[in-house]
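> My structure is stored as structure34.txt, with compact mmCIF, C-alpha atoms.
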```txt
# COMPACT_ATOMS: atom_id res chain seq x y z
CA MET A 1 -5.37 0.81 21.93
CA ASN A 2 -5.92 -0.17 25.56
CA TYR A 3 -6.38 -3.95 25.57
CA CYS A 4 -4.78 -6.97 23.88
CA SER A 5 -7.04 -8.27 21.09
CA ALA A 6 -5.63 -11.78 21.64
CA CYS A 7 -6.07 -12.25 25.41
CA GLY A 8 -7.95 -9.17 26.70
CA ALA A 9 -5.24 -8.01 29.14
CA ARG A 10 -3.89 -4.44 29.25
CA VAL A 11 -1.32 -3.26 26.68
CA GLU A 12 1.52 -0.87 27.36
CA LEU A 13 3.45 1.29 24.91
CA ARG A 14 7.13 0.26 24.89
CA VAL A 15 10.02 -0.56 22.56
CA PRO A 16 10.20 -4.37 22.22
CA ASP A 17 13.58 -6.13 22.37
CA GLY A 18 15.33 -5.84 19.02
CA ASP A 19 13.00 -3.08 17.85
CA ASN A 20 13.58 0.67 17.69
CA MET A 21 10.02 2.03 17.83
CA PRO A 22 7.40 2.00 20.59
CA ARG A 23 4.65 -0.59 20.05
CA PHE A 24 1.57 -1.66 21.96
CA VAL A 25 2.70 -4.81 23.82
CA CYS A 26 0.45 -7.04 25.94
CA VAL A 27 1.54 -7.13 29.60
CA SER A 28 0.18 -10.68 29.93
CA CYS A 29 0.75 -12.71 26.71
CA GLY A 30 3.45 -10.47 25.21
CA THR A 31 1.77 -10.09 21.81
CA ILE A 32 3.13 -7.08 19.92
CA HIS A 33 0.37 -5.15 18.16
CA TYR A 34 1.93 -3.42 15.15
CA GLN A 35 0.10 -0.49 13.56
CA ASN A 36 0.84 0.21 9.91
CA PRO A 37 -0.43 2.44 7.11
CA ARG A 38 -3.59 1.39 5.29
CA VAL A 39 -4.04 1.38 1.53
CA ILE A 40 -6.69 3.46 -0.24
CA VAL A 41 -7.49 2.23 -3.77
CA GLY A 42 -9.29 4.31 -6.34
CA CYS A 43 -9.73 4.98 -10.03
CA ILE A 44 -10.55 7.85 -12.37
CA PRO A 45 -13.22 6.46 -14.72
CA GLU A 46 -13.33 8.15 -18.12
CA HIS A 47 -16.20 7.98 -20.62
CA ASP A 48 -16.60 10.05 -23.80
CA GLY A 49 -13.78 12.30 -22.60
CA LYS A 50 -15.49 13.03 -19.27
CA LEU A 51 -14.53 11.91 -15.77
CA LEU A 52 -16.86 10.20 -13.30
CA LEU A 53 -16.99 11.86 -9.88
CA CYS A 54 -19.07 11.16 -6.77
CA ARG A 55 -20.36 13.62 -4.18
CA ARG A 56 -19.77 12.16 -0.75
CA ALA A 57 -22.76 11.17 1.40
CA ILE A 58 -20.53 10.36 4.41
CA GLN A 59 -18.00 12.06 6.63
CA PRO A 60 -15.29 13.19 6.36
CA ARG A 61 -15.91 15.82 3.67
CA LEU A 62 -19.61 15.09 3.26
CA GLY A 63 -20.90 16.94 0.21
CA PHE A 64 -17.51 17.23 -1.48
CA TRP A 65 -16.48 15.55 -4.73
CA THR A 66 -14.08 12.67 -5.28
CA PHE A 67 -13.47 9.92 -7.77
CA PRO A 68 -14.37 6.45 -6.41
CA ALA A 69 -11.84 5.38 -3.76
CA GLY A 70 -11.76 3.61 -0.41
CA PHE A 71 -9.95 1.20 1.88
CA MET A 72 -8.39 -1.84 0.20
CA GLU A 73 -9.76 -5.07 1.69
CA ASN A 74 -8.01 -8.32 2.47
CA GLY A 75 -8.55 -10.87 -0.31
CA GLU A 76 -8.36 -8.51 -3.28
CA SER A 77 -5.71 -7.03 -5.56
CA LEU A 78 -5.15 -3.28 -5.95
CA GLU A 79 -6.97 -3.35 -9.28
CA SER A 80 -9.93 -5.42 -8.08
CA GLY A 81 -10.23 -3.18 -5.01
CA ALA A 82 -10.32 -0.06 -7.17
CA ALA A 83 -13.01 -1.63 -9.38
CA ARG A 84 -15.01 -2.72 -6.31
CA GLU A 85 -14.96 0.80 -4.85
CA CYS A 86 -16.16 2.18 -8.18
CA TRP A 87 -19.08 -0.25 -8.15
CA GLU A 88 -19.97 0.51 -4.53
CA GLU A 89 -19.78 4.30 -4.79
CA ALA A 90 -20.80 4.92 -8.40
CA GLN A 91 -22.56 1.68 -9.46
CA ALA A 92 -20.24 1.70 -12.47
CA ARG A 93 -18.35 -1.19 -14.06
CA VAL A 94 -14.84 -0.21 -15.12
CA ASP A 95 -11.81 -1.57 -16.91
CA ILE A 96 -8.81 -0.63 -14.78
CA GLY A 97 -5.84 0.84 -16.64
CA SER A 98 -2.40 2.11 -15.66
CA LEU A 99 -1.38 3.68 -12.36
CA VAL A 100 -1.65 7.46 -12.38
CA ALA A 101 -0.67 8.32 -8.78
CA VAL A 102 0.71 6.78 -5.61
CA VAL A 103 0.51 9.21 -2.70
CA THR A 104 1.63 8.58 0.87
CA VAL A 105 -0.54 10.71 3.14
CA ILE A 106 1.77 10.52 6.12
CA HIS A 107 -0.39 12.22 8.77
CA ALA A 108 -3.35 10.02 7.83
CA GLU A 109 -1.21 6.85 7.89
CA GLN A 110 -2.44 5.96 4.41
CA VAL A 111 -1.05 5.11 0.97
CA HIS A 112 -3.36 6.15 -1.87
CA VAL A 113 -3.06 4.07 -5.04
CA MET A 114 -5.01 5.52 -7.98
CA PHE A 115 -5.54 4.02 -11.42
CA ARG A 116 -6.73 5.27 -14.77
CA ALA A 117 -9.97 3.54 -15.82
CA ARG A 118 -12.68 3.47 -18.48
CA LEU A 119 -16.36 2.73 -18.06
CA ALA A 120 -16.93 -0.82 -19.30
CA GLU A 121 -20.60 0.03 -19.90
CA PRO A 122 -22.26 3.46 -19.87
CA GLY A 123 -24.35 3.11 -16.68
CA TYR A 124 -23.70 4.71 -13.29
CA ALA A 125 -25.70 5.79 -10.25
CA ALA A 126 -25.17 6.96 -6.68
CA GLY A 127 -24.26 4.12 -4.31
CA PRO A 128 -25.11 4.33 -0.60
CA GLU A 129 -22.02 6.44 0.19
CA SER A 130 -22.69 8.97 -2.58
CA LEU A 131 -25.21 11.82 -2.79
CA GLU A 132 -24.85 12.01 -6.56
CA VAL A 133 -22.59 10.77 -9.34
CA ALA A 134 -21.88 12.63 -12.56
CA LEU A 135 -19.59 12.78 -15.57
CA PHE A 136 -17.61 16.02 -15.81
CA ALA A 137 -15.83 17.53 -18.77
CA PRO A 138 -12.40 18.76 -17.61
CA GLU A 139 -13.51 22.41 -17.72
CA ASP A 140 -16.48 21.62 -15.46
CA ILE A 141 -14.64 19.81 -12.66
CA PRO A 142 -15.61 21.44 -9.33
CA TRP A 143 -12.03 22.11 -8.22
CA LYS A 144 -13.06 24.16 -5.18
CA ASP A 145 -15.20 21.31 -3.89
CA ILE A 146 -12.79 18.38 -4.27
CA ALA A 147 -12.82 16.31 -1.09
CA PHE A 148 -9.14 15.50 -0.57
CA ARG A 149 -5.73 16.81 -1.55
CA SER A 150 -4.64 13.44 -3.00
CA ILE A 151 -7.75 13.37 -5.22
CA ASP A 152 -6.99 16.87 -6.49
CA PHE A 153 -3.37 15.82 -7.15
CA ALA A 154 -4.35 12.70 -9.11
CA LEU A 155 -7.03 14.46 -11.16
CA ARG A 156 -4.65 17.24 -12.20
CA ARG A 157 -1.87 14.82 -13.15
CA TYR A 158 -4.41 12.69 -15.06
CA LEU A 159 -5.58 15.64 -17.14
CA GLU A 160 -2.05 16.98 -17.75
CA ASP A 161 -0.94 13.56 -18.97
CA ARG A 162 -4.03 13.14 -21.14
CA ALA A 163 -3.37 16.53 -22.77
CA ALA A 164 0.24 15.46 -23.39
CA GLY A 165 -0.78 12.06 -24.75
CA VAL A 166 1.17 10.12 -22.12
CA GLU A 167 0.38 7.87 -19.15
CA ARG A 168 2.90 8.55 -16.42
CA LEU A 169 3.02 7.45 -12.79
CA HIS A 170 3.24 10.29 -10.28
CA ILE A 171 4.60 9.47 -6.82
CA THR A 172 4.53 11.94 -3.99
CA HIS A 173 3.81 12.28 -0.30
CA PHE A 174 1.99 14.83 1.84
CA GLU A 175 3.43 15.54 5.25
CA ALA A 176 0.67 17.49 6.96
CA PRO A 177 -2.93 18.55 6.44
CA ALA A 178 -3.52 21.38 3.99
CA GLY A 179 -7.21 22.02 4.39
CA HIS A 180 -8.10 18.58 3.09
CA PRO A 181 -8.51 15.83 5.69
CA ALA A 182 -7.79 12.17 4.96
CA PRO A 183 -10.24 10.07 2.99
CA SER A 184 -12.32 7.37 4.54
CA SER A 185 -14.06 4.54 2.70
CA MET B 186 -8.94 -11.39 17.33
CA ASN B 187 -10.89 -12.22 20.51
CA TYR B 188 -11.16 -8.98 22.47
CA CYS B 189 -11.86 -5.31 21.73
CA SER B 190 -8.63 -3.30 21.84
CA ALA B 191 -10.61 -0.21 22.91
CA CYS B 192 -12.64 -1.54 25.90
CA GLY B 193 -11.47 -5.15 26.50
CA ALA B 194 -14.87 -6.81 25.94
CA ARG B 195 -15.40 -9.77 23.60
CA VAL B 196 -15.66 -9.25 19.84
CA GLU B 197 -17.88 -11.18 17.48
CA LEU B 198 -17.55 -11.68 13.73
CA ARG B 199 -20.57 -10.19 11.97
CA VAL B 200 -21.55 -7.95 9.05
CA PRO B 201 -22.10 -4.42 10.41
CA ASP B 202 -25.13 -2.40 9.25
CA GLY B 203 -24.43 -0.88 5.85
CA ASP B 204 -21.45 -3.17 5.25
CA ASN B 205 -21.19 -6.30 3.12
CA MET B 206 -18.29 -8.12 4.76
CA PRO B 207 -17.92 -9.75 8.19
CA ARG B 208 -15.87 -7.69 10.65
CA PHE B 209 -14.80 -8.09 14.25
CA VAL B 210 -17.31 -5.96 16.21
CA CYS B 211 -17.20 -5.32 19.96
CA VAL B 212 -20.29 -6.68 21.76
CA SER B 213 -19.99 -3.92 24.37
CA CYS B 214 -18.82 -0.63 22.83
CA GLY B 215 -19.66 -1.49 19.20
CA THR B 216 -16.23 -0.59 17.80
CA ILE B 217 -15.66 -2.16 14.37
CA HIS B 218 -12.12 -3.53 14.03
CA TYR B 219 -11.23 -3.45 10.33
CA GLN B 220 -8.38 -5.60 9.09
CA ASN B 221 -6.63 -4.48 5.92
CA PRO B 222 -3.58 -5.38 3.84
CA ARG B 223 -0.18 -4.16 5.03
CA VAL B 224 2.44 -2.55 2.83
CA ILE B 225 5.92 -4.02 2.35
CA VAL B 226 8.47 -1.50 1.06
CA GLY B 227 11.77 -2.48 -0.49
CA CYS B 228 14.46 -1.49 -2.94
CA ILE B 229 16.98 -3.09 -5.27
CA PRO B 230 20.27 -1.26 -4.57
CA GLU B 231 22.68 -1.24 -7.50
CA HIS B 232 26.40 -0.45 -7.33
CA ASP B 233 28.97 -0.92 -10.10
CA GLY B 234 26.43 -2.98 -12.03
CA LYS B 235 25.88 -5.38 -9.13
CA LEU B 236 22.80 -5.80 -6.91
CA LEU B 237 22.85 -5.78 -3.12
CA LEU B 238 21.15 -8.79 -1.52
CA CYS B 239 20.76 -9.91 2.10
CA ARG B 240 20.62 -13.46 3.48
CA ARG B 241 17.82 -13.59 6.04
CA ALA B 242 18.69 -14.17 9.70
CA ILE B 243 15.01 -14.43 10.70
CA GLN B 244 11.97 -16.53 9.87
CA PRO B 245 10.22 -16.94 7.55
CA ARG B 246 12.74 -18.17 4.97
CA LEU B 247 15.75 -17.93 7.25
CA GLY B 248 18.93 -18.43 5.20
CA PHE B 249 17.35 -17.36 1.91
CA TRP B 250 18.22 -14.25 -0.10
CA THR B 251 16.23 -11.07 -0.62
CA PHE B 252 16.81 -7.45 -1.38
CA PRO B 253 16.11 -5.16 1.60
CA ALA B 254 12.36 -4.98 2.30
CA GLY B 255 9.98 -4.93 5.24
CA PHE B 256 6.79 -3.51 6.72
CA MET B 257 6.12 0.16 6.04
CA GLU B 258 5.75 2.11 9.29
CA ASN B 259 3.37 4.92 10.19
CA GLY B 260 5.07 8.30 9.84
CA GLU B 261 7.10 7.59 6.71
CA SER B 262 6.66 7.74 2.94
CA LEU B 263 7.07 4.72 0.67
CA GLU B 264 10.50 5.96 -0.39
CA SER B 265 11.74 6.76 3.12
CA GLY B 266 10.48 3.37 4.32
CA ALA B 267 12.37 1.57 1.56
CA ALA B 268 15.54 3.50 2.45
CA ARG B 269 15.05 2.75 6.16
CA GLU B 270 14.71 -0.98 5.52
CA CYS B 271 17.89 -0.89 3.44
CA TRP B 272 19.75 0.74 6.29
CA GLU B 273 18.38 -1.69 8.89
CA GLU B 274 19.00 -4.87 6.91
CA ALA B 275 22.07 -3.97 4.87
CA GLN B 276 23.57 -0.93 6.68
CA ALA B 277 23.61 0.77 3.30
CA ARG B 278 22.61 4.33 2.40
CA VAL B 279 20.69 4.50 -0.87
CA ASP B 280 19.18 7.01 -3.27
CA ILE B 281 15.71 5.73 -4.10
CA GLY B 282 14.78 5.74 -7.79
CA SER B 283 11.71 4.75 -9.79
CA LEU B 284 9.16 2.07 -8.94
CA VAL B 285 9.99 -1.30 -10.47
CA ALA B 286 7.21 -3.51 -9.10
CA VAL B 287 3.96 -3.35 -7.15
CA VAL B 288 2.74 -6.81 -6.20
CA THR B 289 -0.40 -7.66 -4.25
CA VAL B 290 0.27 -10.91 -2.38
CA ILE B 291 -3.37 -11.70 -1.74
CA HIS B 292 -3.01 -14.74 0.55
CA ALA B 293 -0.51 -12.85 2.71
CA GLU B 294 -2.73 -9.74 2.85
CA GLN B 295 0.19 -7.60 1.72
CA VAL B 296 1.06 -5.10 -1.01
CA HIS B 297 4.75 -5.12 -1.95
CA VAL B 298 6.10 -1.82 -3.29
CA MET B 299 9.63 -2.10 -4.67
CA PHE B 300 11.88 0.67 -5.96
CA ARG B 301 15.04 0.87 -8.01
CA ALA B 302 17.93 2.32 -5.96
CA ARG B 303 21.64 3.13 -6.02
CA LEU B 304 24.14 3.00 -3.19
CA ALA B 305 24.74 6.59 -2.09
CA GLU B 306 28.11 5.51 -0.63
CA PRO B 307 29.94 2.20 -1.13
CA GLY B 308 29.58 0.74 2.38
CA TYR B 309 27.26 -2.07 3.50
CA ALA B 310 27.16 -4.70 6.24
CA ALA B 311 24.78 -7.25 7.74
CA GLY B 312 22.16 -5.66 10.01
CA PRO B 313 20.63 -7.65 12.88
CA GLU B 314 18.08 -9.35 10.58
CA SER B 315 20.70 -10.45 8.03
CA LEU B 316 23.26 -13.27 8.14
CA GLU B 317 25.29 -11.70 5.36
CA VAL B 318 25.00 -8.98 2.72
CA ALA B 319 26.69 -9.06 -0.67
CA LEU B 320 26.77 -7.47 -4.11
CA PHE B 321 25.90 -9.90 -6.91
CA ALA B 322 26.55 -9.61 -10.61
CA PRO B 323 23.38 -10.64 -12.47
CA GLU B 324 24.91 -13.98 -13.50
CA ASP B 325 25.73 -14.81 -9.87
CA ILE B 326 22.29 -14.16 -8.32
CA PRO B 327 21.29 -17.24 -6.27
CA TRP B 328 17.94 -17.74 -8.02
CA LYS B 329 17.25 -21.08 -6.31
CA ASP B 330 17.66 -19.49 -2.89
CA ILE B 331 15.54 -16.35 -3.29
CA ALA B 332 13.30 -15.96 -0.24
CA PHE B 333 10.00 -14.88 -1.78
CA ARG B 334 8.15 -15.03 -5.06
CA SER B 335 7.62 -11.25 -5.17
CA ILE B 336 11.37 -10.69 -4.72
CA ASP B 337 12.13 -13.08 -7.58
CA PHE B 338 9.55 -11.27 -9.74
CA ALA B 339 10.97 -7.81 -9.04
CA LEU B 340 14.61 -8.88 -9.55
CA ARG B 341 13.82 -10.47 -12.93
CA ARG B 342 11.85 -7.46 -14.16
CA TYR B 343 14.62 -5.15 -12.92
CA LEU B 344 17.27 -7.01 -14.90
CA GLU B 345 15.12 -7.33 -18.03
CA ASP B 346 14.44 -3.59 -17.98
CA ARG B 347 18.09 -2.77 -17.36
CA ALA B 348 19.11 -4.92 -20.33
CA ALA B 349 16.50 -3.11 -22.46
CA GLY B 350 17.58 0.32 -21.21
CA VAL B 351 14.14 1.17 -19.78
CA GLU B 352 12.58 1.69 -16.36
CA ARG B 353 9.08 0.30 -16.39
CA LEU B 354 6.62 -0.34 -13.58
CA HIS B 355 5.39 -3.93 -13.33
CA ILE B 356 2.10 -4.52 -11.51
CA THR B 357 0.85 -7.99 -10.71
CA HIS B 358 -0.77 -10.06 -7.99
CA PHE B 359 -0.24 -13.54 -6.63
CA GLU B 360 -3.31 -15.46 -5.56
CA ALA B 361 -1.86 -18.38 -3.64
CA PRO B 362 1.42 -19.67 -2.27
CA ALA B 363 3.84 -21.15 -4.83
CA GLY B 364 6.58 -22.50 -2.63
CA HIS B 365 7.48 -19.06 -1.35
CA PRO B 366 5.77 -17.87 1.84
CA ALA B 367 5.04 -14.23 2.55
CA PRO B 368 7.81 -11.88 3.69
CA SER B 369 8.03 -10.51 7.16
CA SER B 370 9.99 -7.48 8.23
```
Could you render the structure as structure tokens?


Amino acid sequence: MNYCSACGARVELRVPDGDNMPRFVCVSCGTIHYQNPRVIVGCIPEHDGKLLLCRRAIQPRLGFWTFPAGFMENGESLESGAARECWEEAQARVDIGSLVAVVTVIHAEQVHVMFRARLAEPGYAAGPESLEVALFAPEDIPWKDIAFRSIDFALRRYLEDRAAGVERLHITHFEAPAGHPAPSS
Amino acid sequence: MNYCSACGARVELRVPDGDNMPRFVCVSCGTIHYQNPRVIVGCIPEHDGKLLLCRRAIQPRLGFWTFPAGFMENGESLESGAARECWEEAQARVDIGSLVAVVTVIHAEQVHVMFRARLAEPGYAAGPESLEVALFAPEDIPWKDIAFRSIDFALRRYLEDRAAGVERLHITHFEAPAGHPAPSS
């Protein structure tokens, strides 16, 4: 950030009065430009015991597999955002269920909020951000080609819970990259 | 938003190629400036069966009561953010417990993530953003003077669950103001 989005003057990085962290502050109008984590919303759609995954057509992690997920937008709830992403990436209508995982990805400045889901109707297809979309039985999930660490985490917890007949919420955070970069919508 | 924070040129509101929503786009360098919901993190600290609340020293809702909550910062997890806010607003050290409520406040473009908590040591005091801080027995909670609708929601669910001996997660969203404006850190 170099310029004030309100007035166009230069910003400088300093700790505002009464604050304890450096912020971008406009040298002219004084506007403080806070930067905060963004929310990624996603869901794991199940149908006939299989899980719907998408192969990414965009960077980062082009060619790798994920369940539908992307940046939450203003004007929607967590659940409606997760359903929207599923429509955009997998052209699939879903009924959103319980929360399976909430993961803070600290280095990416993101909070990933992932729901259980079921296909509301059997159809699906690759949206513009997907190379292909497919239903996978648990034993066929391409674990070595999963796009992001948080997606791997949520899928594994989902399947463990399903095997145990429970629906738990799993909260964790990742402090640093581990071979899997941060998702992008 | 009037100017590009990257190069200082004017922005215009238009739908970028491949997108389906209007965004602020720089007319010079082409940077797309996405605007997304922010995360509010908070906790309900319990001690000797009482709940720790703060009376706000800042707008909005100056003089009204809340449990400690505020904007999540980059570089922290949900839990560490909730504990930080509790220290800043109530000078209290807490052990963060399970999630009690996740509330999308759509009109405020915020997601409120609230945890159960316990005082890790008995001390507390008003931080700079609080007029006073106090422990309330459930029957003494000032329900008519609660600052925000999401705070009221989380407190009621917390007490209902405590009475029932369970710790559930309550997910909801609010579509429009109902007398309670959105929180601010």

> Calculate how many Å separate CA of Ala120 in chain A from CA of Ser77 in chain A, rounding to one decimal.

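Interatomic distance, CA of Ala120 in chain A to CA of Ser77 in chain A: 18.8 Å.
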
> Find the residues near Val11 in chain A: any atom within 8 Å, counting all atoms listed in the file, skip ones fewer than 4 places away on the same chain, and give them as a list in words.

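Non-adjacent residues within range: Met1, Asn2, Tyr3, Cys4, Phe24, Val25, Cys26 and Val27 of chain A.
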
> Which residues come within 10 Å of Leu119 in chain A, counting all atoms listed in the file, excluding same-chain residues fewer than 2 positions away, as an NGL selection string?

:A and (44-48 or 51-52 or 86 or 92-96 or 117 or 121-124)

> Can you list every residue of chain B that has an atom at most 9 Å from chain A, with its nearest atom pair and the distance in Å to one decimal, using all atoms listed in the file, ordered by chain then number, as a Markdown table?


```
| residue | atom | partner | partner_atom | distance |
| --- | --- | --- | --- | --- |
| B:Met186 | CA | A:Ser5 | CA | 5.2 |
| B:Asn187 | CA | A:Ala6 | CA | 5.4 |
| B:Tyr188 | CA | A:Ser5 | CA | 4.4 |
| B:Cys189 | CA | A:Ser5 | CA | 5.7 |
| B:Ser190 | CA | A:Tyr3 | CA | 4.4 |
| B:Ala191 | CA | A:Asn2 | CA | 5.4 |
| B:Cys192 | CA | A:Tyr3 | CA | 6.7 |
| B:Gly193 | CA | A:Tyr3 | CA | 5.3 |
| B:Ala194 | CA | A:Gly8 | CA | 7.4 |
| B:Arg195 | CA | A:Gly8 | CA | 8.1 |
| B:Val196 | CA | A:Ser5 | CA | 8.8 |
| B:Gly203 | CA | A:Pro128 | CA | 8.3 |
| B:Tyr219 | CA | A:Glu73 | CA | 8.9 |
| B:Gln220 | CA | A:Asn74 | CA | 7.2 |
| B:Asn221 | CA | A:Glu73 | CA | 5.3 |
| B:Pro222 | CA | A:Asn74 | CA | 5.5 |
| B:Arg223 | CA | A:Arg38 | CA | 6.5 |
| B:Val224 | CA | A:Pro37 | CA | 7.2 |
| B:Phe256 | CA | A:Asn36 | CA | 7.7 |
| B:Met257 | CA | A:Asn36 | CA | 6.5 |
| B:Glu258 | CA | A:Asn36 | CA | 5.3 |
| B:Asn259 | CA | A:Asn36 | CA | 5.4 |
| B:Gly260 | CA | A:Ile106 | CA | 5.4 |
| B:Glu261 | CA | A:Ile106 | CA | 6.1 |
| B:Ser262 | CA | A:Thr104 | CA | 5.5 |
| B:Leu263 | CA | A:Thr104 | CA | 6.7 |
| B:Leu284 | CA | A:Ile171 | CA | 8.9 |
| B:Val288 | CA | A:Ser77 | CA | 8.5 |
| B:Thr289 | CA | A:Ser77 | CA | 5.5 |
| B:Val290 | CA | A:Ser77 | CA | 7.8 |
| B:Ile291 | CA | A:Gly75 | CA | 5.4 |
| B:His292 | CA | A:Gly75 | CA | 6.8 |
| B:Ala293 | CA | A:Asn74 | CA | 8.8 |
| B:Glu294 | CA | A:Asn74 | CA | 5.5 |
| B:Gln295 | CA | A:Asn74 | CA | 8.3 |
| B:Val296 | CA | A:Leu78 | CA | 8.1 |
| B:Pro313 | CA | A:Gly18 | CA | 8.3 |
| B:Leu354 | CA | A:Leu169 | CA | 8.6 |
| B:Ile356 | CA | A:Leu99 | CA | 8.9 |
| B:Thr357 | CA | A:Ser77 | CA | 8.4 |
| B:His358 | CA | A:Ser77 | CA | 6.3 |
| B:Phe359 | CA | A:Ser77 | CA | 8.6 |
| B:Glu360 | CA | A:Gly75 | CA | 8.7 |
```

> Calculate how many Å separate CA of Cys239 in chain B from CA of Ile336 in chain B, rounding to one decimal.

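Computing it gives 11.6 Å between the two atoms.
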
> Enter the distance from CA of Leu135 in chain A to CA of Trp65 in chain A, in Å, rounded to one decimal.

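Taking CA of Leu135 in chain A and CA of Trp65 in chain A, their separation equals 11.6 Å.
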
> If we count only C-alpha atoms, what is near range 157-160 of chain A at a cut-off of 9 Å, once residues fewer than 2 positions away on the same chain are taken out, given as a ChimeraX atom specification?

/A:44,100-101,116,138,152-155,162-170

> Keeping only C-alpha atoms, write those residues as a PDB file, keeping the file's coordinate frame.


```
ATOM      1  CA  ILE A  44     -10.550   7.850 -12.370  1.00  0.00           C
ATOM      2  CA  VAL A 100      -1.650   7.460 -12.380  1.00  0.00           C
ATOM      3  CA  ALA A 101      -0.670   8.320  -8.780  1.00  0.00           C
ATOM      4  CA  ARG A 116      -6.730   5.270 -14.770  1.00  0.00           C
ATOM      5  CA  PRO A 138     -12.400  18.760 -17.610  1.00  0.00           C
ATOM      6  CA  ASP A 152      -6.990  16.870  -6.490  1.00  0.00           C
ATOM      7  CA  PHE A 153      -3.370  15.820  -7.150  1.00  0.00           C
ATOM      8  CA  ALA A 154      -4.350  12.700  -9.110  1.00  0.00           C
ATOM      9  CA  LEU A 155      -7.030  14.460 -11.160  1.00  0.00           C
ATOM     10  CA  ARG A 162      -4.030  13.140 -21.140  1.00  0.00           C
ATOM     11  CA  ALA A 163      -3.370  16.530 -22.770  1.00  0.00           C
ATOM     12  CA  ALA A 164       0.240  15.460 -23.390  1.00  0.00           C
ATOM     13  CA  GLY A 165      -0.780  12.060 -24.750  1.00  0.00           C
ATOM     14  CA  VAL A 166       1.170  10.120 -22.120  1.00  0.00           C
ATOM     15  CA  GLU A 167       0.380   7.870 -19.150  1.00  0.00           C
ATOM     16  CA  ARG A 168       2.900   8.550 -16.420  1.00  0.00           C
ATOM     17  CA  LEU A 169       3.020   7.450 -12.790  1.00  0.00           C
ATOM     18  CA  HIS A 170       3.240  10.290 -10.280  1.00  0.00           C
TER      19      HIS A 170
END
```

> Can you pull out every residue within 6 Å of Arg208 in chain B, counting all atoms listed in the file, but drop anything in the same chain fewer than 4 positions away, and send it as a list in words?

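Once the adjacent positions are removed, what remains is Leu198, Arg199 and Val200 of chain B.
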
> For Val298 in chain B, which of B:Val226, B:Ala254, B:Ala361, B:Ala242 is the closest residue, counting all atoms listed in the file?

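Looking at the shortest contact to Val298 in chain B, the residue is B:Val226.
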
> Padding 4 Å on every side, please: axis-aligned box over the listed atoms of range 213-225 of chain B, centre and edge lengths to one decimal in Å, as lines of an AutoDock Vina configuration file.


```
center_x = -7.0
center_y = -3.1
center_z = 13.4
size_x = 33.9
size_y = 13.0
size_z = 30.0
```

> Rank nothing, just name the residue among A:Ser80, A:Ser130, A:Asn20, A:Ser150 nearest to Leu53 in chain A, using all atoms listed in the file.

A:Ser130

> Just write range 142-161 of chain A with C-alpha atoms, as an mmCIF file, in the first residue's frame, taken from the block above.


```
data_model
loop_
_atom_site.group_PDB
_atom_site.id
_atom_site.type_symbol
_atom_site.label_atom_id
_atom_site.label_comp_id
_atom_site.auth_asym_id
_atom_site.auth_seq_id
_atom_site.Cartn_x
_atom_site.Cartn_y
_atom_site.Cartn_z
ATOM 1 C CA PRO A 142 -5.895 -38.071 -4.795
ATOM 2 C CA TRP A 143 -4.181 -37.239 -1.497
ATOM 3 C CA LYS A 144 -0.830 -36.449 -3.118
ATOM 4 C CA ASP A 145 -2.446 -33.887 -5.392
ATOM 5 C CA ILE A 146 -4.565 -31.952 -2.888
ATOM 6 C CA ALA A 147 -4.095 -28.223 -3.454
ATOM 7 C CA PHE A 148 -3.860 -26.855 0.089
ATOM 8 C CA ARG A 149 -3.030 -28.017 3.590
ATOM 9 C CA SER A 150 -6.347 -26.756 5.012
ATOM 10 C CA ILE A 151 -8.256 -28.744 2.367
ATOM 11 C CA ASP A 152 -6.328 -31.892 3.264
ATOM 12 C CA PHE A 153 -7.044 -31.251 6.962
ATOM 13 C CA ALA A 154 -10.785 -30.783 6.436
ATOM 14 C CA LEU A 155 -11.148 -33.799 4.138
ATOM 15 C CA ARG A 156 -9.385 -36.094 6.600
ATOM 16 C CA ARG A 157 -11.437 -34.877 9.564
ATOM 17 C CA TYR A 158 -14.619 -35.219 7.477
ATOM 18 C CA LEU A 159 -13.893 -38.849 6.640
ATOM 19 C CA GLU A 160 -12.783 -39.745 10.186
ATOM 20 C CA ASP A 161 -15.990 -38.267 11.582
#
```
